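Trainee: To be precise about what I am sending: the file is called coords06.pdb and holds PDB, C-alpha atoms, pLDDT in the B column.
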```
ATOM      1  CA  LEU A  25      12.878   2.006  -7.198  1.00 51.00           C
ATOM      2  CA  ALA A  26      15.411   0.353  -4.938  1.00 55.00           C
ATOM      3  CA  ARG A  27      17.036  -2.867  -6.095  1.00 62.00           C
ATOM      4  CA  GLU A  28      16.462  -4.596  -2.757  1.00 73.00           C
ATOM      5  CA  ALA A  29      12.992  -5.463  -1.514  1.00 82.00           C
ATOM      6  CA  ALA A  30      11.406  -2.651   0.445  1.00 84.00           C
ATOM      7  CA  VAL A  31       8.532  -2.354   2.903  1.00 88.00           C
ATOM      8  CA  ILE A  32       6.213   0.583   2.353  1.00 88.00           C
ATOM      9  CA  GLY A  33       3.388   1.181   4.766  1.00 90.00           C
ATOM     10  CA  HIS A  34       0.715   3.720   5.513  1.00 91.00           C
ATOM     11  CA  THR A  35      -0.103   4.628   9.087  1.00 92.00           C
ATOM     12  CA  GLY A  36      -3.130   6.487  10.322  1.00 89.00           C
ATOM     13  CA  PRO A  37      -3.220   9.156  13.019  1.00 90.00           C
ATOM     14  CA  ASP A  38      -3.272   6.497  15.759  1.00 90.00           C
ATOM     15  CA  GLY A  39       0.008   5.004  14.495  1.00 90.00           C
ATOM     16  CA  THR A  40      -1.490   1.720  13.303  1.00 92.00           C
ATOM     17  CA  ALA A  41      -0.878   0.490   9.780  1.00 92.00           C
ATOM     18  CA  ASP A  42      -3.737   0.217   7.316  1.00 90.00           C
ATOM     19  CA  LEU A  43      -1.532  -0.705   4.352  1.00 89.00           C
ATOM     20  CA  VAL A  44       1.684  -2.760   4.272  1.00 92.00           C
ATOM     21  CA  LEU A  45       3.378  -3.535   0.968  1.00 89.00           C
ATOM     22  CA  VAL A  46       6.560  -5.405   0.105  1.00 89.00           C
ATOM     23  CA  ILE A  47       7.908  -4.067  -3.179  1.00 84.00           C
ATOM     24  CA  GLY A  48      10.601  -5.882  -5.103  1.00 80.00           C
ATOM     25  CA  ARG A  49      12.401  -5.393  -8.366  1.00 71.00           C
ATOM     26  CA  ALA A  50      14.264  -7.763 -10.656  1.00 68.00           C
ATOM     27  CA  GLY A  51      15.720  -5.984 -13.664  1.00 64.00           C
ATOM     28  CA  ALA A  52      12.934  -4.119 -15.435  1.00 66.00           C
ATOM     29  CA  ARG A  53      10.226  -6.121 -13.673  1.00 70.00           C
ATOM     30  CA  GLY A  54       8.660  -5.229 -10.379  1.00 70.00           C
ATOM     31  CA  SER A  55       6.219  -6.862  -8.039  1.00 77.00           C
ATOM     32  CA  VAL A  56       4.158  -5.806  -5.070  1.00 82.00           C
ATOM     33  CA  LEU A  57       2.898  -8.006  -2.262  1.00 86.00           C
ATOM     34  CA  MET A  58       0.164  -6.576  -0.072  1.00 88.00           C
ATOM     35  CA  LEU A  59       0.158  -7.995   3.430  1.00 90.00           C
ATOM     36  CA  PRO A  60      -3.297  -7.838   5.012  1.00 89.00           C
ATOM     37  CA  THR A  61      -2.920  -5.759   8.158  1.00 90.00           C
ATOM     38  CA  ALA A  62      -5.179  -8.141  10.094  1.00 89.00           C
ATOM     39  CA  THR A  63      -2.510 -10.841   9.656  1.00 91.00           C
ATOM     40  CA  GLN A  64      -1.265 -12.082  13.009  1.00 93.00           C
ATOM     41  CA  VAL A  65       2.510 -12.120  13.333  1.00 91.00           C
ATOM     42  CA  GLU A  66       4.976 -13.116  16.014  1.00 89.00           C
ATOM     43  CA  VAL A  67       6.524  -9.825  17.109  1.00 89.00           C
ATOM     44  CA  PRO A  68       9.863 -10.308  18.866  1.00 86.00           C
ATOM     45  CA  SER A  69       9.522  -9.615  22.611  1.00 86.00           C
ATOM     46  CA  LEU A  70       5.828  -8.699  22.225  1.00 90.00           C
ATOM     47  CA  GLY A  71       4.187 -11.979  21.219  1.00 90.00           C
ATOM     48  CA  ILE A  72       1.346 -12.298  18.739  1.00 94.00           C
ATOM     49  CA  ARG A  73       0.058  -9.014  17.308  1.00 93.00           C
ATOM     50  CA  THR A  74      -1.639  -7.980  14.101  1.00 93.00           C
ATOM     51  CA  LEU A  75       0.584  -6.456  11.472  1.00 92.00           C
ATOM     52  CA  ALA A  76      -1.480  -3.263  11.869  1.00 93.00           C
ATOM     53  CA  GLN A  77      -0.368  -2.935  15.509  1.00 94.00           C
ATOM     54  CA  VAL A  78       3.370  -3.295  14.959  1.00 94.00           C
ATOM     55  CA  PRO A  79       4.175   0.341  14.003  1.00 92.00           C
ATOM     56  CA  ALA A  80       2.235   1.633  17.015  1.00 91.00           C
ATOM     57  CA  VAL A  81       3.950  -0.637  19.557  1.00 90.00           C
ATOM     58  CA  GLY A  82       7.504  -0.768  18.278  1.00 82.00           C
ATOM     59  CA  THR A  83      10.242   0.641  16.122  1.00 83.00           C
ATOM     60  CA  ASP A  84      10.629   0.604  12.350  1.00 84.00           C
ATOM     61  CA  GLN A  85      13.149  -2.213  12.822  1.00 86.00           C
ATOM     62  CA  LEU A  86      10.489  -4.254  14.618  1.00 89.00           C
ATOM     63  CA  LEU A  87       8.202  -3.894  11.602  1.00 90.00           C
ATOM     64  CA  THR A  88      11.052  -4.913   9.295  1.00 89.00           C
ATOM     65  CA  THR A  89      11.829  -7.988  11.405  1.00 90.00           C
ATOM     66  CA  SER A  90       8.150  -8.971  11.619  1.00 92.00           C
ATOM     67  CA  VAL A  91       7.655  -8.651   7.840  1.00 92.00           C
ATOM     68  CA  GLU A  92      10.887 -10.543   7.124  1.00 91.00           C
ATOM     69  CA  ASN A  93       9.864 -13.355   9.493  1.00 90.00           C
ATOM     70  CA  LEU A  94       6.406 -13.509   7.918  1.00 90.00           C
ATOM     71  CA  THR A  95       7.507 -13.491   4.274  1.00 90.00           C
ATOM     72  CA  GLY A  96      11.028 -14.908   4.335  1.00 89.00           C
ATOM     73  CA  VAL A  97      12.130 -11.909   2.245  1.00 87.00           C
ATOM     74  CA  ARG A  98      15.000  -9.696   3.411  1.00 88.00           C
ATOM     75  CA  THR A  99      14.124  -6.031   3.186  1.00 88.00           C
ATOM     76  CA  GLY A 100      15.627  -2.680   3.978  1.00 82.00           C
ATOM     77  CA  ALA A 101      14.228  -0.340   6.604  1.00 81.00           C
ATOM     78  CA  PRO A 102      10.522   0.324   6.065  1.00 86.00           C
ATOM     79  CA  THR A 103       9.137   3.571   4.773  1.00 88.00           C
ATOM     80  CA  LEU A 104       6.029   4.491   6.757  1.00 90.00           C
ATOM     81  CA  LEU A 105       3.955   7.173   5.102  1.00 92.00           C
ATOM     82  CA  ASP A 106       1.095   9.363   6.231  1.00 92.00           C
ATOM     83  CA  ASP A 107      -1.541  10.642   3.776  1.00 93.00           C
ATOM     84  CA  PRO A 108       0.455  13.588   2.356  1.00 94.00           C
ATOM     85  CA  ARG A 109       3.624  11.525   1.908  1.00 93.00           C
ATOM     86  CA  LEU A 110       1.778   8.621   0.242  1.00 94.00           C
ATOM     87  CA  GLU A 111       0.061  11.126  -2.037  1.00 95.00           C
ATOM     88  CA  SER A 112       3.450  12.617  -2.998  1.00 95.00           C
ATOM     89  CA  VAL A 113       4.750   9.135  -3.905  1.00 94.00           C
ATOM     90  CA  LEU A 114       1.709   8.402  -6.087  1.00 96.00           C
ATOM     91  CA  ALA A 115       1.542  11.874  -7.668  1.00 97.00           C
ATOM     92  CA  PRO A 116       4.139  11.316 -10.440  1.00 96.00           C
ATOM     93  CA  ALA A 117       2.036   8.423 -11.778  1.00 96.00           C
ATOM     94  CA  ALA A 118      -1.319  10.215 -11.556  1.00 96.00           C
ATOM     95  CA  PRO A 119      -3.836  10.056 -12.947  1.00 97.00           C
ATOM     96  CA  LEU A 120      -4.026   6.301 -12.541  1.00 97.00           C
ATOM     97  CA  ARG A 121      -6.321   4.399 -14.902  1.00 98.00           C
ATOM     98  CA  VAL A 122      -7.855   1.856 -12.536  1.00 98.00           C
ATOM     99  CA  GLU A 123     -10.141  -0.975 -13.590  1.00 98.00           C
ATOM    100  CA  PHE A 124     -12.306  -1.977 -10.620  1.00 97.00           C
ATOM    101  CA  PRO A 125     -13.751  -5.473 -11.118  1.00 96.00           C
ATOM    102  CA  ARG A 126     -16.581  -4.701  -8.688  1.00 95.00           C
ATOM    103  CA  ASP A 127     -18.170  -1.730  -6.950  1.00 96.00           C
ATOM    104  CA  VAL A 128     -16.023  -0.052  -4.288  1.00 96.00           C
ATOM    105  CA  THR A 129     -18.097   0.993  -1.291  1.00 96.00           C
ATOM    106  CA  PHE A 130     -16.309   2.396   1.733  1.00 95.00           C
ATOM    107  CA  ALA A 131     -17.237   1.267   5.251  1.00 92.00           C
ATOM    108  CA  GLY A 132     -20.096   3.277   6.675  1.00 91.00           C
ATOM    109  CA  GLU A 133     -21.383   4.289   3.238  1.00 94.00           C
ATOM    110  CA  THR A 134     -24.310   2.787   1.362  1.00 94.00           C
ATOM    111  CA  ARG A 135     -23.530   3.882  -2.192  1.00 96.00           C
ATOM    112  CA  PRO A 136     -20.478   2.875  -4.163  1.00 96.00           C
ATOM    113  CA  ALA A 137     -17.754   5.502  -4.287  1.00 97.00           C
ATOM    114  CA  TYR A 138     -16.603   3.833  -7.521  1.00 97.00           C
ATOM    115  CA  PRO A 139     -18.894   1.581  -9.552  1.00 97.00           C
ATOM    116  CA  ALA A 140     -17.271  -1.405 -11.242  1.00 97.00           C
ATOM    117  CA  GLY A 141     -15.400  -0.341 -14.362  1.00 97.00           C
ATOM    118  CA  SER A 142     -12.673   2.022 -15.454  1.00 98.00           C
ATOM    119  CA  HIS A 143     -11.805   5.142 -13.449  1.00 98.00           C
ATOM    120  CA  ARG A 144      -9.085   7.795 -13.501  1.00 98.00           C
ATOM    121  CA  LEU A 145      -7.849   8.501  -9.997  1.00 98.00           C
ATOM    122  CA  ASP A 146      -5.741  11.441  -8.954  1.00 97.00           C
ATOM    123  CA  ALA A 147      -3.183  10.792  -6.218  1.00 97.00           C
ATOM    124  CA  GLY A 148      -5.522  11.876  -3.412  1.00 97.00           C
ATOM    125  CA  ALA A 149      -8.310   9.573  -4.579  1.00 97.00           C
ATOM    126  CA  ALA A 150      -5.819   6.704  -4.907  1.00 97.00           C
ATOM    127  CA  VAL A 151      -4.671   7.264  -1.304  1.00 96.00           C
ATOM    128  CA  ARG A 152      -8.279   7.113  -0.118  1.00 96.00           C
ATOM    129  CA  VAL A 153      -8.939   3.878  -1.989  1.00 96.00           C
ATOM    130  CA  LEU A 154      -5.702   2.294  -0.733  1.00 95.00           C
ATOM    131  CA  THR A 155      -6.184   3.212   2.922  1.00 93.00           C
ATOM    132  CA  THR A 156      -9.909   3.347   3.647  1.00 92.00           C
ATOM    133  CA  ALA A 157     -11.782   0.328   4.954  1.00 89.00           C
ATOM    134  CA  GLU A 158     -14.411  -1.112   2.646  1.00 92.00           C
ATOM    135  CA  ARG A 159     -17.719  -2.794   3.174  1.00 91.00           C
ATOM    136  CA  GLY A 160     -17.287  -6.512   2.759  1.00 86.00           C
ATOM    137  CA  SER A 161     -14.376  -8.753   3.553  1.00 84.00           C
ATOM    138  CA  GLU A 162     -10.613  -8.310   3.592  1.00 82.00           C
ATOM    139  CA  VAL A 163     -10.571 -10.243   0.306  1.00 85.00           C
ATOM    140  CA  ASP A 164     -12.787  -7.552  -1.250  1.00 88.00           C
ATOM    141  CA  ARG A 165     -10.285  -4.938  -0.092  1.00 89.00           C
ATOM    142  CA  LEU A 166      -7.369  -6.950  -1.491  1.00 90.00           C
ATOM    143  CA  VAL A 167      -9.039  -6.953  -4.919  1.00 93.00           C
ATOM    144  CA  THR A 168      -9.569  -3.190  -4.773  1.00 95.00           C
ATOM    145  CA  VAL A 169      -6.008  -2.445  -3.625  1.00 94.00           C
ATOM    146  CA  GLN A 170      -4.634  -4.774  -6.307  1.00 94.00           C
ATOM    147  CA  ALA A 171      -6.487  -2.818  -8.993  1.00 96.00           C
ATOM    148  CA  VAL A 172      -4.879   0.450  -7.841  1.00 96.00           C
ATOM    149  CA  LEU A 173      -1.415  -1.103  -7.468  1.00 93.00           C
ATOM    150  CA  ALA A 174      -1.634  -2.685 -10.942  1.00 93.00           C
ATOM    151  CA  ALA A 175      -2.395   0.738 -12.423  1.00 96.00           C
ATOM    152  CA  TRP A 176       0.519   2.251 -10.471  1.00 93.00           C
ATOM    153  CA  LEU A 177       2.945  -0.458 -11.634  1.00 89.00           C
ATOM    154  CA  ASP A 178       1.833   0.075 -15.234  1.00 91.00           C
ATOM    155  CA  ARG A 179       2.752   3.746 -14.940  1.00 94.00           C
ATOM    156  CA  LEU A 180       6.079   2.963 -13.228  1.00 88.00           C
ATOM    157  CA  ARG A 181       7.238   1.264 -16.437  1.00 87.00           C
ATOM    158  CA  GLU A 182       7.644   4.733 -17.922  1.00 91.00           C
ATOM    159  CA  PRO A 183      11.035   6.292 -17.084  1.00 91.00           C
ATOM    160  CA  SER A 184       9.395   9.731 -16.879  1.00 94.00           C
ATOM    161  CA  VAL A 185       7.260   8.386 -14.009  1.00 94.00           C
ATOM    162  CA  ALA A 186       9.713   5.987 -12.352  1.00 89.00           C
ATOM    163  CA  GLY A 187      12.427   8.598 -11.737  1.00 91.00           C
ATOM    164  CA  PRO A 188      10.180  11.160 -10.010  1.00 94.00           C
ATOM    165  CA  THR A 189       8.459   8.379  -8.064  1.00 91.00           C
ATOM    166  CA  GLY A 190      11.799   7.127  -6.732  1.00 87.00           C
ATOM    167  CA  ALA A 191      12.764  10.688  -5.805  1.00 90.00           C
ATOM    168  CA  ALA A 192       9.424  11.241  -4.048  1.00 91.00           C
ATOM    169  CA  LEU A 193       9.830   7.988  -2.135  1.00 86.00           C
ATOM    170  CA  ALA A 194      13.354   8.942  -1.058  1.00 85.00           C
ATOM    171  CA  ALA A 195      12.127  12.382   0.039  1.00 87.00           C
ATOM    172  CA  ALA A 196       9.244  10.820   1.981  1.00 82.00           C
ATOM    173  CA  ARG A 197      11.545   8.715   4.129  1.00 77.00           C
ATOM    174  CA  PRO A 198      11.889  10.244   7.585  1.00 66.00           C
TER     175      PRO A 198
END
```
Can you turn what I pasted into C-alpha cells?
Mentor:
Amino acid sequence: LAREAAVIGHTGPDGTADLVLVIGRAGARGSVLMLPTATQVEVPSLGIRTLAQVPAVGTDQLLTTSVENLTGVRTGAPTLLDDPRLESVLAPAAPLRVEFPRDVTFAGETRPAYPAGSHRLDAGAAVRVLTTAERGSEVDRLVTVQAVLAAWLDRLREPSVAGPTGAALAAARP
C-alpha cells in the first residue's frame, strides 16, 4: 500500500459515504482508522455537514480537506469505491477469517446474518458487512467493521496478498 496516509471510502448509489477509512503505513506495520460517517465536520465553504454528505456535495479534494482537518493527518487524494471496486480491492485477501465478538444483525432484519464467532467471508460478504447499516448503535457497527478490517490487515501481511491488493486499489482509482 502507499507510503503516505490514504483515504479510502465507499459511496452508495446516492453518492453519500457509508464507510470512510484513513489507512497509514510505517515500515512493515499498517493501521486503519475508521471515521464514523455520522461525524459532523466543518466543510470549507459549506459549513457543518456529516462526513457521509461530503462526497455528495463536493469534490474529492473537499473530502480530503475535511478528513485532514478532522484528523490532523495529511493524506493523498481519496479513493472512493462503489461495491464492485471495493470487492475487487478485498478479493486478493479473501476469504477473510473474521472473529465477530457479537451477533451481526443488519438493519431491518430480525435474525443475525452472522452469529458471534468465527466466520470466513468472501469479498462480496465482506463488502456487505462493511457497508450495510446494522441494528444497534454506531459503536456496534464500529466493532463489526473493526473485526473485518483486522482480518484484512492480517492477510495484507502476506506479500502474495499485499501486492495484488495494491494493484487492485490502484486500478480502482478513477
Trainee: Hey, can you pull every residue with an atom no more than 9 Å from (-5.5, 3.8, -2.9), using only C-alpha atoms, and send it as a ChimeraX atom specification?
Mentor: /A:145,147-156,168-169,172-173
Trainee: Taking the file as I've supplied it (selection: the PyMOL selection byres ((chain A and resi 66-79) around 9)), which residues are included? Please answer as a list in words.
Mentor: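 This file gives the following for the PyMOL selection byres ((chain A and resi 66-79) around 9): Thr35, Gly39, Thr40, Ala41, Asp42, Leu43, Val44, Leu59, Pro60, Thr61, Ala62, Thr63, Gln64, Val65, Ala80, Val81, Gly82, Thr83, Asp84, Leu86, Leu87, Thr89, Ser90, Val91, Asn93, Leu94 and Leu104 of chain A.
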Trainee: Using CA of Val56 (chain A) and CA of Arg159 (chain A) as the two end points, give the distance in Å to one decimal.
Mentor: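 Distance between the two atoms: 23.6 Å.
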Trainee: When the PyMOL selection byres ((chain A and resi 171) around 12) is applied to the file above, which residues end up in the set, as a PyMOL selection string?
Mentor: chain A and resi 56+58+120-128+140-145+150+153-154+164-170+172-178
Trainee: Determine the nearest neighbour of Arg109 (chain A) from the options A:Ser161, A:Ala195, A:Pro136, A:Val31, counting all atoms listed in the file.
Mentor: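 Closest residue, counting all atoms listed in the file: A:Ala195.
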Trainee: Which residues of region 28-112 of chain A come within 10 Å of region 180-194 of chain A, and for each one, what is the closest pair of atoms and their distance in Å to one decimal, counting all atoms listed in the file, sorted by chain and residue number, as a tab-separated table?
Mentor:
```
residue	atom	partner	partner_atom	distance
A:Ile32	CA	A:Leu193	CA	9.4
A:Ala52	CA	A:Arg181	CA	7.9
A:Arg53	CA	A:Arg181	CA	8.4
A:Gly54	CA	A:Arg181	CA	9.0
A:Thr103	CA	A:Leu193	CA	8.2
A:Leu105	CA	A:Leu193	CA	9.4
A:Arg109	CA	A:Leu193	CA	8.2
A:Leu110	CA	A:Leu193	CA	8.4
A:Glu111	CA	A:Ala192	CA	9.6
A:Ser112	CA	A:Ala192	CA	6.2
```
Trainee: For Ala30 (chain A), work out the shell of residues within 8 Å, counting all atoms listed in the file and skipping chain neighbours fewer than 5 positions away, then give it as a ChimeraX atom specification.
Mentor: /A:46-48,99-103
Trainee: Selection in question (the file shown): the PyMOL selection byres ((chain A and resi 117) around 6). Which residues does it include, as a PyMOL selection string?
Mentor: chain A and resi 114-116+118+179+185
Trainee: To one decimal in Å, tell me the separation between CA of Val113 (chain A) and CA of Gly96 (chain A).
Mentor: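 These two atoms are separated by 26.2 Å.
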Trainee: Counting all atoms listed in the file, which of A:Gly36, A:Asp146, A:Asp106, A:Ala157 gets nearest to Ala131 (chain A)?
Mentor: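 Of A:Gly36, A:Asp146, A:Asp106, A:Ala157, the one nearest Ala131 (chain A), counting all atoms listed in the file, is A:Ala157.
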Trainee: Choose the residue, out of A:Asp107, A:Pro119, A:Ala196, A:Pro139, that has the smallest atom-to-atom separation from Pro37 (chain A); count all atoms listed in the file.
Mentor: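 For Pro37 (chain A), the nearest of the candidates is A:Asp107.
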Trainee: Rounded to one decimal in Å, what is the spacing between CA of Gly132 (chain A) and CA of Glu158 (chain A)?
Mentor: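 It comes out at 8.2 Å.
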Trainee: So which one's closest to Glu133 (chain A), A:Arg197, A:Thr95, A:Gly160, A:Leu45? Using all atoms listed in the file, please.
Mentor: A:Gly160
Trainee: Mind writing region 41-75 of chain A to a file for me, with N, CA and C atoms, as a short mmCIF file (atom, residue, chain, number, x, y, z; two decimals), in the first residue's frame?
Mentor:
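In the end it all went to selection.cif:
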```
data_model
loop_
_atom_site.label_atom_id
_atom_site.label_comp_id
_atom_site.auth_asym_id
_atom_site.auth_seq_id
_atom_site.Cartn_x
_atom_site.Cartn_y
_atom_site.Cartn_z
N ALA A 41 -21.35 8.74 1.57
CA ALA A 41 -20.38 7.76 2.06
C ALA A 41 -20.98 6.95 3.20
N ASP A 42 -20.77 5.65 3.16
CA ASP A 42 -21.18 4.81 4.29
C ASP A 42 -19.97 4.16 4.95
N LEU A 43 -18.77 4.46 4.43
CA LEU A 43 -17.54 3.96 5.02
C LEU A 43 -16.42 4.92 4.64
N VAL A 44 -15.69 5.42 5.64
CA VAL A 44 -14.53 6.28 5.38
C VAL A 44 -13.39 5.78 6.27
N LEU A 45 -12.30 5.41 5.62
CA LEU A 45 -11.13 4.88 6.32
C LEU A 45 -9.92 5.75 6.00
N VAL A 46 -9.05 5.91 7.00
CA VAL A 46 -7.74 6.51 6.78
C VAL A 46 -6.76 5.37 7.02
N ILE A 47 -5.99 5.05 5.99
CA ILE A 47 -5.05 3.93 6.07
C ILE A 47 -3.64 4.49 6.03
N GLY A 48 -2.82 4.05 6.96
CA GLY A 48 -1.44 4.51 7.02
C GLY A 48 -0.49 3.35 7.13
N ARG A 49 0.75 3.61 6.79
CA ARG A 49 1.77 2.57 6.83
C ARG A 49 3.06 3.16 7.34
N ALA A 50 3.72 2.41 8.22
CA ALA A 50 5.03 2.79 8.73
C ALA A 50 5.89 1.54 8.67
N GLY A 51 6.75 1.46 7.68
CA GLY A 51 7.56 0.26 7.51
C GLY A 51 6.67 -0.92 7.18
N ALA A 52 6.81 -2.00 7.93
CA ALA A 52 6.00 -3.20 7.69
C ALA A 52 4.68 -3.16 8.45
N ARG A 53 4.46 -2.12 9.21
CA ARG A 53 3.24 -2.02 10.02
C ARG A 53 2.23 -1.11 9.33
N GLY A 54 0.98 -1.45 9.49
CA GLY A 54 -0.08 -0.63 8.94
C GLY A 54 -1.15 -0.39 9.98
N SER A 55 -1.92 0.64 9.77
CA SER A 55 -3.03 0.91 10.66
C SER A 55 -4.19 1.48 9.85
N VAL A 56 -5.37 1.28 10.40
CA VAL A 56 -6.59 1.76 9.75
C VAL A 56 -7.41 2.49 10.80
N LEU A 57 -7.88 3.67 10.44
CA LEU A 57 -8.76 4.44 11.30
C LEU A 57 -10.09 4.57 10.57
N MET A 58 -11.16 4.06 11.18
CA MET A 58 -12.48 4.23 10.61
C MET A 58 -13.09 5.49 11.18
N LEU A 59 -13.55 6.36 10.31
CA LEU A 59 -14.21 7.58 10.74
C LEU A 59 -15.72 7.37 10.61
N PRO A 60 -16.44 7.41 11.71
CA PRO A 60 -17.90 7.23 11.62
C PRO A 60 -18.49 8.27 10.67
N THR A 61 -19.30 7.83 9.74
CA THR A 61 -19.82 8.75 8.73
C THR A 61 -20.85 9.72 9.29
N ALA A 62 -21.34 9.48 10.50
CA ALA A 62 -22.25 10.43 11.14
C ALA A 62 -21.50 11.57 11.81
N THR A 63 -20.17 11.52 11.80
CA THR A 63 -19.35 12.57 12.39
C THR A 63 -19.60 13.90 11.69
N GLN A 64 -19.86 14.93 12.46
CA GLN A 64 -20.04 16.25 11.87
C GLN A 64 -18.69 16.91 11.69
N VAL A 65 -18.48 17.47 10.50
CA VAL A 65 -17.23 18.13 10.16
C VAL A 65 -17.51 19.50 9.59
N GLU A 66 -16.54 20.38 9.74
CA GLU A 66 -16.61 21.70 9.11
C GLU A 66 -16.12 21.53 7.68
N VAL A 67 -17.01 21.72 6.72
CA VAL A 67 -16.67 21.56 5.31
C VAL A 67 -16.43 22.96 4.74
N PRO A 68 -15.23 23.22 4.25
CA PRO A 68 -14.94 24.56 3.73
C PRO A 68 -16.01 25.04 2.74
N SER A 69 -16.49 26.23 2.97
CA SER A 69 -17.50 26.91 2.14
C SER A 69 -18.90 26.33 2.27
N LEU A 70 -19.06 25.21 2.98
CA LEU A 70 -20.39 24.59 3.09
C LEU A 70 -20.88 24.47 4.53
N GLY A 71 -20.05 24.80 5.49
CA GLY A 71 -20.46 24.75 6.89
C GLY A 71 -20.40 23.33 7.46
N ILE A 72 -21.21 23.10 8.47
CA ILE A 72 -21.22 21.82 9.16
C ILE A 72 -22.05 20.81 8.36
N ARG A 73 -21.43 19.68 8.09
CA ARG A 73 -22.08 18.56 7.38
C ARG A 73 -21.61 17.27 8.05
N THR A 74 -22.31 16.18 7.78
CA THR A 74 -21.78 14.90 8.23
C THR A 74 -20.75 14.44 7.21
N LEU A 75 -19.84 13.63 7.68
CA LEU A 75 -18.81 13.10 6.78
C LEU A 75 -19.47 12.33 5.63
#
```
